[in-house]
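Student: Input structure: final26.pdb, which contains PDB, C-alpha atoms.
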ATOM      1  CA  MET A 171     -12.289   0.926  14.439
ATOM      2  CA  PHE A 172      -9.646  -1.720  13.735
ATOM      3  CA  ALA A 173      -7.805  -1.753  17.084
ATOM      4  CA  ASN A 174      -9.185  -5.091  18.308
ATOM      5  CA  ALA A 175      -8.849  -6.676  14.870
ATOM      6  CA  ILE A 176      -5.203  -5.598  14.618
ATOM      7  CA  ASP A 177      -4.470  -7.220  17.984
ATOM      8  CA  LEU A 178      -6.234 -10.391  16.864
ATOM      9  CA  VAL A 179      -4.688 -10.610  13.399
ATOM     10  CA  GLY A 180      -1.296  -9.577  14.758
ATOM     11  CA  ASN A 181      -1.167 -12.797  16.770
ATOM     12  CA  PHE A 182      -0.565 -14.840  13.607
ATOM     13  CA  THR A 183       0.989 -12.231  11.283
ATOM     14  CA  ARG A 184       4.773 -12.180  11.197
ATOM     15  CA  PRO A 185       7.608 -10.373   9.427
ATOM     16  CA  VAL A 186      10.123 -11.871   7.055
ATOM     17  CA  LYS A 187      13.461 -10.180   7.696
ATOM     18  CA  ILE A 188      15.821  -9.953   4.735
ATOM     19  CA  ILE A 189      19.344  -8.574   4.493
ATOM     20  CA  THR A 190      21.209  -8.197   1.213
ATOM     21  CA  ARG A 191      24.535  -6.917   0.001
ATOM     22  CA  ASN A 192      25.756  -5.907  -3.444
ATOM     23  CA  TYR A 193      29.039  -6.940  -5.022
ATOM     24  CA  LYS A 194      32.102  -4.987  -3.815
ATOM     25  CA  ASP A 195      30.008  -3.223  -1.191
ATOM     26  CA  THR A 196      30.030  -3.721   2.559
ATOM     27  CA  THR A 197      26.739  -1.868   3.027
ATOM     28  CA  ILE A 198      23.995  -4.175   4.278
ATOM     29  CA  MET A 199      20.487  -3.348   3.100
ATOM     30  CA  PRO A 200      17.616  -4.469   5.377
ATOM     31  CA  GLY A 201      14.264  -5.382   3.889
ATOM     32  CA  ALA A 202      11.029  -6.955   5.026
ATOM     33  CA  ALA A 203       7.954  -8.791   3.866
ATOM     34  CA  THR A 204       4.989 -10.354   5.622
ATOM     35  CA  ILE A 205       3.467 -13.802   6.118
ATOM     36  CA  PHE A 206       0.460 -14.968   8.106
ATOM     37  CA  PHE A 207      -0.471 -18.399   9.400
ATOM     38  CA  VAL A 208      -3.609 -20.191   8.301
ATOM     39  CA  ASN A 209      -3.582 -23.067  10.794
ATOM     40  CA  ASP A 210      -1.784 -24.415  13.856
ATOM     41  CA  ASP A 211       0.515 -26.722  11.872
ATOM     42  CA  GLY A 212       3.074 -24.184  10.691
ATOM     43  CA  CYS A 213       1.385 -23.350   7.375
ATOM     44  CA  ALA A 214       1.469 -19.730   6.266
ATOM     45  CA  ILE A 215       0.739 -17.791   3.111
ATOM     46  CA  THR A 216       2.458 -14.862   1.471
ATOM     47  CA  CYS A 217       2.845 -13.342  -1.978
ATOM     48  CA  LYS A 218       4.339 -15.316  -4.813
ATOM     49  CA  HIS A 219       6.892 -12.583  -5.471
ATOM     50  CA  VAL A 220       8.015 -12.783  -1.829
ATOM     51  CA  ALA A 221       8.321 -16.571  -1.953
ATOM     52  CA  GLU A 222      10.314 -16.397  -5.194
ATOM     53  CA  GLU A 223      12.783 -14.093  -3.466
ATOM     54  CA  LEU A 224      13.141 -16.592  -0.623
ATOM     55  CA  ILE A 225      13.721 -19.400  -3.113
ATOM     56  CA  CYS A 226      16.486 -17.551  -4.956
ATOM     57  CA  ALA A 227      18.438 -16.705  -1.768
ATOM     58  CA  ASP A 228      20.311 -20.015  -1.717
ATOM     59  CA  SER A 229      21.345 -19.761  -5.366
ATOM     60  CA  ILE A 230      22.509 -16.157  -4.905
ATOM     61  CA  ASN A 231      24.655 -17.100  -1.923
ATOM     62  CA  GLN A 232      26.052 -20.210  -3.588
ATOM     63  CA  ASN A 233      26.949 -18.252  -6.716
ATOM     64  CA  TYR A 234      29.091 -15.890  -4.647
ATOM     65  CA  ILE A 235      30.675 -18.740  -2.692
ATOM     66  CA  ASN A 236      31.668 -20.430  -5.950
ATOM     67  CA  PHE A 237      33.119 -17.158  -7.223
ATOM     68  CA  LYS A 238      35.192 -16.667  -4.062
ATOM     69  CA  ASN A 239      36.432 -20.255  -4.186
ATOM     70  CA  GLU A 240      37.669 -19.806  -7.736
ATOM     71  CA  CYS A 241      39.266 -16.469  -6.871
ATOM     72  CA  ALA A 242      41.133 -18.112  -3.996
ATOM     73  CA  GLN A 243      42.734 -20.548  -6.433
ATOM     74  CA  LEU A 244      44.109 -17.826  -8.720
ATOM     75  CA  PRO A 245      47.855 -17.164  -8.510
ATOM     76  CA  ASN A 246      48.822 -13.805  -7.063
ATOM     77  CA  ASP A 247      50.592 -12.493 -10.136
ATOM     78  CA  ASN A 248      50.180  -9.720 -12.714
ATOM     79  CA  LYS A 249      47.429 -11.717 -14.465
ATOM     80  CA  ARG A 250      45.240 -12.011 -11.383
ATOM     81  CA  ARG A 251      43.229  -8.829 -12.010
ATOM     82  CA  SER A 252      42.245  -9.821 -15.546
ATOM     83  CA  ALA A 253      41.466 -13.348 -14.350
ATOM     84  CA  ILE A 254      39.107 -11.953 -11.689
ATOM     85  CA  LYS A 255      37.342  -9.872 -14.347
ATOM     86  CA  LYS A 256      36.736 -13.024 -16.350
ATOM     87  CA  LEU A 257      35.307 -14.715 -13.265
ATOM     88  CA  GLU A 258      33.050 -11.696 -12.662
ATOM     89  CA  GLN A 259      31.649 -12.164 -16.138
ATOM     90  CA  LYS A 260      31.288 -15.907 -15.580
ATOM     91  CA  TYR A 261      29.295 -15.381 -12.386
ATOM     92  CA  ASN A 262      27.459 -12.286 -13.662
ATOM     93  CA  LEU A 263      28.780 -10.001 -10.933
ATOM     94  CA  SER A 264      28.704  -6.215 -10.973
ATOM     95  CA  SER A 265      28.261  -3.447  -8.411
ATOM     96  CA  SER A 266      24.484  -3.502  -8.984
ATOM     97  CA  HIS A 267      24.099  -7.254  -8.389
ATOM     98  CA  VAL A 268      23.078  -8.760  -5.057
ATOM     99  CA  VAL A 269      25.699 -11.312  -4.036
ATOM    100  CA  GLN A 270      24.428 -12.262  -0.583
ATOM    101  CA  MET A 271      20.974 -12.622   0.916
ATOM    102  CA  LYS A 272      20.054 -13.875   4.370
ATOM    103  CA  VAL A 273      16.501 -14.453   5.643
ATOM    104  CA  GLN A 274      14.952 -14.815   9.097
ATOM    105  CA  PHE A 275      11.418 -15.678  10.247
ATOM    106  CA  PRO A 276      11.205 -14.183  13.764
ATOM    107  CA  ASP A 277       8.566 -15.333  16.225
ATOM    108  CA  CYS A 278       7.117 -17.904  13.825
ATOM    109  CA  VAL A 279       8.260 -21.341  14.945
ATOM    110  CA  GLY A 280      11.230 -22.900  16.715
ATOM    111  CA  ALA A 281      14.024 -24.713  14.925
ATOM    112  CA  PHE A 282      12.757 -26.188  11.662
ATOM    113  CA  SER A 283      14.259 -28.512   9.074
ATOM    114  CA  GLY A 284      13.113 -26.647   5.970
ATOM    115  CA  ILE A 285      10.246 -24.911   4.211
ATOM    116  CA  ASP A 286       8.032 -26.388   1.512
ATOM    117  CA  ILE A 287       6.921 -23.642  -0.865
ATOM    118  CA  GLN A 288       4.009 -23.865  -3.279
ATOM    119  CA  LEU A 289       3.636 -21.096  -5.854
ATOM    120  CA  HIS A 290       0.282 -20.272  -7.416
ATOM    121  CA  PRO A 291       0.521 -20.763 -11.194
ATOM    122  CA  ASN A 292      -1.426 -17.604 -12.048
ATOM    123  CA  TYR A 293      -1.716 -15.232  -9.102
ATOM    124  CA  ASP A 294       0.572 -13.537  -6.584
ATOM    125  CA  LEU A 295       0.121 -16.137  -3.879
ATOM    126  CA  ALA A 296       2.261 -18.812  -2.213
ATOM    127  CA  ILE A 297       2.009 -21.347   0.610
ATOM    128  CA  LEU A 298       4.857 -21.839   3.095
ATOM    129  CA  LYS A 299       4.973 -25.007   5.168
ATOM    130  CA  PHE A 300       7.541 -25.019   7.981
ATOM    131  CA  LYS A 301       8.798 -28.591   8.331
ATOM    132  CA  GLY A 302       9.890 -30.304  11.530
ATOM    133  CA  HIS A 303       9.442 -27.230  13.709
ATOM    134  CA  SER A 304       9.914 -27.633  17.441
ATOM    135  CA  ASN A 305       7.660 -24.909  18.824
ATOM    136  CA  ARG A 306       4.975 -22.515  17.663
ATOM    137  CA  TYR A 307       5.494 -18.864  18.587
ATOM    138  CA  TYR A 308       2.427 -17.440  16.858
ATOM    139  CA  THR A 309      -1.034 -17.838  18.367
ATOM    140  CA  GLY A 310      -4.338 -18.389  16.638
ATOM    141  CA  HIS A 311      -4.754 -18.487  12.865
ATOM    142  CA  ALA A 312      -6.507 -16.718  10.045
ATOM    143  CA  VAL A 313     -10.273 -17.028   9.705
ATOM    144  CA  PHE A 314     -11.227 -16.428   6.093
ATOM    145  CA  ALA A 315     -14.526 -15.004   4.922
ATOM    146  CA  LYS A 316     -17.047 -17.739   4.275
ATOM    147  CA  ASN A 317     -18.394 -15.755   1.332
ATOM    148  CA  GLY A 318     -15.899 -13.555  -0.480
ATOM    149  CA  ASN A 319     -18.700 -11.480  -2.006
ATOM    150  CA  ASP A 320     -19.939 -10.190   1.338
ATOM    151  CA  ILE A 321     -17.882  -7.015   1.032
ATOM    152  CA  ARG A 322     -19.027  -4.215  -1.273
ATOM    153  CA  PRO A 323     -17.410  -1.084  -2.710
ATOM    154  CA  GLY A 324     -17.469   1.488   0.057
ATOM    155  CA  ASP A 325     -16.633  -0.959   2.848
ATOM    156  CA  PHE A 326     -13.534  -0.160   4.891
ATOM    157  CA  LEU A 327     -10.863  -2.798   5.422
ATOM    158  CA  CYS A 328      -7.403  -2.865   6.951
ATOM    159  CA  ARG A 329      -4.048  -4.372   6.007
ATOM    160  CA  LEU A 330      -1.269  -5.327   8.402
ATOM    161  CA  GLY A 331       2.385  -5.857   7.663
ATOM    162  CA  TYR A 332       5.975  -4.788   8.223
ATOM    163  CA  PRO A 333       6.757  -2.006   5.745
ATOM    164  CA  PHE A 334       9.512  -0.201   7.660
ATOM    165  CA  PRO A 335      12.515  -2.463   8.331
ATOM    166  CA  GLU A 336      13.958  -0.847  11.441
ATOM    167  CA  PHE A 337      15.835  -3.905  12.670
ATOM    168  CA  GLU A 338      19.607  -3.575  13.081
ATOM    169  CA  ASP A 339      20.657  -7.050  14.186
ATOM    170  CA  PHE A 340      23.081  -7.692  11.350
ATOM    171  CA  ILE A 341      26.804  -7.322  10.776
ATOM    172  CA  PHE A 342      29.386  -7.426   8.010
ATOM    173  CA  ASP A 343      32.161  -9.941   8.710
ATOM    174  CA  SER A 344      35.168  -8.418   6.965
ATOM    175  CA  VAL A 345      37.383 -11.396   7.760
ATOM    176  CA  ASN A 346      35.135 -13.877   5.952
ATOM    177  CA  ASP A 347      33.624 -11.355   3.519
ATOM    178  CA  ASP A 348      30.150 -12.292   4.724
ATOM    179  CA  ILE A 349      26.947 -10.811   6.119
ATOM    180  CA  ASP A 350      25.283 -12.369   9.121
ATOM    181  CA  TRP A 351      22.807 -11.843  11.925
ATOM    182  CA  ASP A 352      23.949 -10.364  15.250
ATOM    183  CA  ALA A 353      21.864 -11.356  18.252
ATOM    184  CA  SER A 354      23.435  -8.621  20.395
ATOM    185  CA  LYS A 355      21.713  -5.866  18.401
ATOM    186  CA  VAL A 356      18.111  -4.649  18.207
ATOM    187  CA  TYR A 357      16.034  -7.016  16.060
ATOM    188  CA  ALA A 358      12.518  -5.597  16.399
ATOM    189  CA  THR A 359      10.663  -4.236  13.383
ATOM    190  CA  PRO A 360       7.257  -2.681  14.081
ATOM    191  CA  ARG A 361       4.070  -3.831  12.456
ATOM    192  CA  PHE A 362       2.129  -1.156  10.617
ATOM    193  CA  PRO A 363      -1.584  -1.118   9.705
ATOM    194  CA  ILE A 364      -3.133   0.902   6.904
ATOM    195  CA  ASP A 365      -6.851   1.130   6.254
ATOM    196  CA  GLY A 366      -8.703   1.999   3.083
ATOM    197  CA  MET A 367     -11.963   1.760   1.201
ATOM    198  CA  PHE A 368     -12.708  -1.207  -1.015
ATOM    199  CA  THR A 369     -13.136   0.414  -4.433
ATOM    200  CA  ARG A 370     -13.679  -2.436  -6.904
ATOM    201  CA  HIS A 371     -12.973  -6.058  -7.768
ATOM    202  CA  LEU A 372     -10.176  -7.028 -10.139
ATOM    203  CA  ALA A 373     -10.772  -9.599 -12.880
ATOM    204  CA  ASP A 374      -8.445 -11.452 -15.258
ATOM    205  CA  ASP A 375      -8.894 -11.895 -19.025
ATOM    206  CA  THR A 376     -11.418 -14.675 -18.466
ATOM    207  CA  GLY A 377     -13.575 -12.538 -16.211
ATOM    208  CA  LYS A 378     -12.566 -14.440 -13.070
ATOM    209  CA  ILE A 379     -12.432 -12.252  -9.971
ATOM    210  CA  TYR A 380      -8.945 -12.566  -8.517
ATOM    211  CA  GLY A 381      -8.374  -9.370  -6.559
ATOM    212  CA  VAL A 382      -9.605  -6.518  -4.409
ATOM    213  CA  GLU A 383      -8.603  -2.917  -5.045
ATOM    214  CA  MET A 384      -8.188  -0.516  -2.117
ATOM    215  CA  SER A 385      -8.279   3.273  -2.148
ATOM    216  CA  THR A 386      -4.941   3.483  -0.307
ATOM    217  CA  PRO A 387      -1.580   1.962  -1.241
ATOM    218  CA  GLY A 388      -0.125  -1.175   0.189
ATOM    219  CA  LEU A 389       3.273  -0.230   1.585
ATOM    220  CA  ARG A 390       6.584  -1.864   0.694
ATOM    221  CA  GLY A 391       7.114  -4.680   3.173
ATOM    222  CA  GLN A 392       3.387  -5.271   3.634
ATOM    223  CA  SER A 393       3.378  -7.710   0.711
ATOM    224  CA  GLY A 394       1.954 -10.948   2.027
ATOM    225  CA  GLY A 395       0.037  -9.313   4.849
ATOM    226  CA  PRO A 396      -3.672  -9.948   5.507
ATOM    227  CA  LEU A 397      -6.603  -7.774   4.419
ATOM    228  CA  PHE A 398      -9.333  -7.912   7.073
ATOM    229  CA  THR A 399     -12.503  -6.410   8.491
ATOM    230  CA  SER A 400     -12.969  -4.719  11.861
ATOM    231  CA  ASP A 401     -13.984  -8.174  13.131
ATOM    232  CA  GLY A 402     -10.676  -9.690  12.013
ATOM    233  CA  VAL A 403     -12.124 -11.779   9.148
ATOM    234  CA  ILE A 404      -9.646 -12.154   6.279
ATOM    235  CA  TYR A 405     -10.734 -11.060   2.792
ATOM    236  CA  GLY A 406      -7.434 -11.099   0.974
ATOM    237  CA  ILE A 407      -3.677 -10.685   0.996
ATOM    238  CA  GLN A 408      -1.770  -7.516   0.100
ATOM    239  CA  SER A 409      -0.037  -8.045  -3.244
ATOM    240  CA  MET A 410       1.036  -4.821  -4.948
ATOM    241  CA  THR A 411       0.304  -1.133  -5.441
ATOM    242  CA  ASN A 412      -0.960   0.251  -8.749
ATOM    243  CA  HIS A 413      -0.477   3.834  -9.859
ATOM    244  CA  LEU A 414      -3.472   5.447 -11.563
ATOM    245  CA  HIS A 415      -2.711   8.595 -13.544
ATOM    246  CA  LEU A 416      -5.150  11.314 -12.490
ATOM    247  CA  GLY A 417      -4.677  13.483 -15.554
ATOM    248  CA  PHE A 418      -4.177  16.710 -13.573
ATOM    249  CA  ASP A 419      -0.730  17.291 -15.069
ATOM    250  CA  MET A 420       1.090  20.552 -14.536
ATOM    251  CA  VAL A 421       3.802  21.320 -17.102
ATOM    252  CA  LYS A 422       5.899  24.463 -16.630
ATOM    253  CA  GLU A 423       3.146  26.084 -14.583
ATOM    254  CA  LYS A 424       4.113  29.438 -13.035
ATOM    255  CA  MET A 425       3.305  29.665  -9.328
ATOM    256  CA  THR A 426       4.221  31.999  -6.516
ATOM    257  CA  ILE A 427       5.596  30.148  -3.507
ATOM    258  CA  GLY A 428       6.970  32.004  -0.517
ATOM    259  CA  GLY A 429       6.763  35.264  -2.385
ATOM    260  CA  ARG A 430       8.859  34.020  -5.282
ATOM    261  CA  GLN A 431       7.708  32.859  -8.680
ATOM    262  CA  THR A 432       8.762  29.367  -9.643
ATOM    263  CA  THR A 433       8.040  26.840 -12.381
ATOM    264  CA  ILE A 434       6.181  23.661 -11.424
ATOM    265  CA  ASN A 435       6.076  20.306 -13.183
ATOM    266  CA  ASN A 436       3.788  17.743 -11.603
ATOM    267  CA  GLN A 437       2.117  14.521 -12.732
ATOM    268  CA  PRO A 438      -0.157  13.297  -9.922
ATOM    269  CA  PHE A 439      -1.083   9.653  -9.473
ATOM    270  CA  LEU A 440      -3.487   7.840  -7.172
ATOM    271  CA  HIS A 441      -1.686   4.932  -5.508
ATOM    272  CA  VAL A 442      -4.134   2.082  -4.925
ATOM    273  CA  GLY A 443      -3.482  -1.223  -3.211
ATOM    274  CA  GLN A 444      -4.224  -4.528  -4.883
ATOM    275  CA  CYS A 445      -4.943  -7.651  -2.853
ATOM    276  CA  VAL A 446      -5.444 -11.273  -3.886
ATOM    277  CA  HIS A 447      -9.106 -12.180  -3.307
ATOM    278  CA  VAL A 448     -10.024 -14.495  -0.445
ATOM    279  CA  ASP A 449     -11.733 -16.986  -2.786
ATOM    280  CA  ILE A 450      -8.466 -17.442  -4.728
ATOM    281  CA  ILE A 451      -6.684 -18.100  -1.444
ATOM    282  CA  LYS A 452      -9.220 -20.712  -0.341
ATOM    283  CA  GLU A 453      -9.113 -22.445  -3.738
ATOM    284  CA  PHE A 454      -5.324 -22.672  -3.560
ATOM    285  CA  LEU A 455      -5.390 -24.048  -0.013
ATOM    286  CA  ASP A 456      -8.008 -26.611  -1.119
ATOM    287  CA  THR A 457      -5.801 -27.666  -4.048
ATOM    288  CA  HIS A 458      -2.925 -28.445  -1.700
ATOM    289  CA  LYS A 459      -5.196 -29.929   1.006
ATOM    290  CA  ILE A 460      -4.104 -27.379   3.605
ATOM    291  CA  THR A 461      -6.283 -27.025   6.693
ATOM    292  CA  TYR A 462      -7.785 -23.559   7.122
ATOM    293  CA  TYR A 463     -10.755 -21.900   8.800
ATOM    294  CA  ILE A 464     -13.731 -19.878   7.578
ATOM    295  CA  GLY A 465     -16.438 -17.919   9.366
ATOM    296  CA  THR A 466     -18.504 -14.775   9.537
ATOM    297  CA  ASP A 467     -16.392 -13.805  12.565
ATOM    298  CA  PRO A 468     -13.388 -15.432  14.298
ATOM    299  CA  SER A 469     -15.504 -16.692  17.203
ATOM    300  CA  ASN A 470     -17.591 -18.869  14.856
ATOM    301  CA  GLU A 471     -14.869 -20.512  12.799
ATOM    302  CA  ILE A 472     -15.392 -23.663  10.736
ATOM    303  CA  LYS A 473     -12.472 -25.962   9.986
ATOM    304  CA  VAL A 474     -11.943 -26.856   6.315
ATOM    305  CA  ASN A 475      -9.928 -29.887   5.103
TER     306      ASN A 475
END
Output the structure of this file as structure tokens.
Tutor:
Amino acid sequence: MFANAIDLVGNFTRPVKIITRNYKDTTIMPGAATIFFVNDDGCAITCKHVAEELICADSINQNYINFKNECAQLPNDNKRRSAIKKLEQKYNLSSSHVVQMKVQFPDCVGAFSGIDIQLHPNYDLAILKFKGHSNRYYTGHAVFAKNGNDIRPGDFLCRLGYPFPEFEDFIFDSVNDDIDWDASKVYATPRFPIDGMFTRHLADDTGKIYGVEMSTPGLRGQSGGPLFTSDGVIYGIQSMTNHLHLGFDMVKEKMTIGGRQTTINNQPFLHVGQCVHVDIIKEFLDTHKITYYIGTDPSNEIKVN
């Protein structure tokens, strides 16, 4: 049902690869998110919470660099350990704190000078503008629904993203106490679609429709990925997953499993995906005068702005 649309939308949907490391730990943790491009000028959108993570990467890394620089200036005497503890408090470092974060945008654009990021003031949405890029490695662009109300509860839609970070192209540099990318290792991370039924619209306190609820969860790493029809028309962006308590709780229920009686405790939930509505996306792109395209299908696109 969605095979052709996945191929089409996959042309301009890309992963964000993220590696992190906690303080006093050499274990590198891979993570992923998703962006998709809305025009041919290097403009993409993703979730606000993804963009905020990208923004904080530089400050996280600089905080650890400053800490290491101060540690290097401490005398190697019997007071060094207590002095390091004071610096750990100064820089808010503990074993549960991320001290390094590196980010890559594979197969998006060539070398670029920076990224302009615009965060939506109210909703989980952000614009990324790659500046000074040399080449474009994605093809095509999103075509948004001309009328966001064309879908109805009961319609099936699909989301695409990168929820399972299987890439391994990273390394811990013990000499420099640093994490980095390693081009000699496997870098691929597979895209993953998940379909679902549109269940209902989501509205804020003012009654404004801002979201689309889906009967299936959005997966971790799919945040920022497109929500689309079997024709490849975009109706939203995957934002989060909500957990609806079903009320079928089992508390100390006796059951026989494998011929043995056991006690079961279970609190079932329905995990539903929440996506930012296409009309919110178009309004935000209009506000920042970003070129985008609308249409009833990708072959009949209309350029906006």
Student: If the PyMOL selection byres ((chain A and resi 443-456) around 9) were run on this exact file, what residues would it hold? Put them as a PyMOL selection string.
Tutor: chain A and resi 215+217+290+293-297+314-319+366+371-372+379-389+396-397+404-413+441-442+457-462+474-475
Student: Expanded to explicit residues, what is the PyMOL selection byres ((chain A and resi 349-360) around 9) for this file, as JSON, numbers by chain?
Tutor: {"A": [185, 187, 189, 190, 191, 196, 198, 202, 270, 271, 272, 274, 276, 331, 332, 333, 334, 335, 336, 337, 338, 339, 340, 341, 342, 343, 344, 346, 347, 348, 361, 362]}
Student: Between A:Ile427, A:Leu440, A:Met420, A:Cys278, which is the closest to A:Gly180 once you count only C-alpha atoms?
Tutor: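 So, comparing all the options, the nearest one is A:Cys278.
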Student: On this file, the PyMOL selection byres ((chain A and resi 208) around 8) gives some set of residues; write that set as a list in words.
Tutor: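 What the PyMOL selection byres ((chain A and resi 208) around 8) grabs from the file is Phe206, Phe207, Asn209, Asp210, Cys213, Ala214, Ile215, His311, Ala312, Val313, Thr461, Tyr462 and Tyr463 of chain A.
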Student: What is the distance between atom CA of A:Asp419 and atom CA of A:Pro438, in Å to one decimal?
Tutor: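 Pair atom CA of A:Asp419 / atom CA of A:Pro438 returns 6.5 Å.
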Student: In Å, how far is it from atom CA of A:Gln437 to atom CA of A:Leu416?
Tutor: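 Atom CA of A:Leu416 lies at a distance of 7.9 Å from atom CA of A:Gln437.
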Student: Compare A:Ile225, A:Asn435, A:Tyr261, A:Gly391 by their minimum atom-to-atom distance to A:Pro200, counting only C-alpha atoms, and give me the closest one.
Tutor: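 Of the candidates, the smallest distance to A:Pro200 is held by A:Gly391.
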Student: Atom CA of A:Ile364 and atom CA of A:Ile285 are how many Å apart?
Tutor: 29.2 Å
Student: For a quick check of understanding, using all atoms listed in the file, which of A:Asn174, A:Asn436, A:Thr466, A:Thr369 has the smallest distance to A:Lys424?
Tutor: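 Going through A:Asn174, A:Asn436, A:Thr466, A:Thr369 one by one, the smallest distance to A:Lys424 is for A:Asn436.
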Student: Between A:Ser266, A:Gln259, A:Asn246, A:Thr309, which has the minimum distance to A:Asp177 (counting only C-alpha atoms)?
Tutor: A:Thr309
Student: Pick the closest to A:Asn305 from A:Asp375, A:Asp277, A:Asp247, A:Glu240: which is it, counting all atoms listed in the file?
Tutor: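 Nearest candidate to A:Asn305 out of A:Asp375, A:Asp277, A:Asp247, A:Glu240: A:Asp277.
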Student: Can you work out which one of A:Phe275, A:Met199, A:Tyr193, A:Asp228 has the shortest atom-to-atom distance to A:Asn262, counting all atoms listed in the file?
Tutor: A:Tyr193
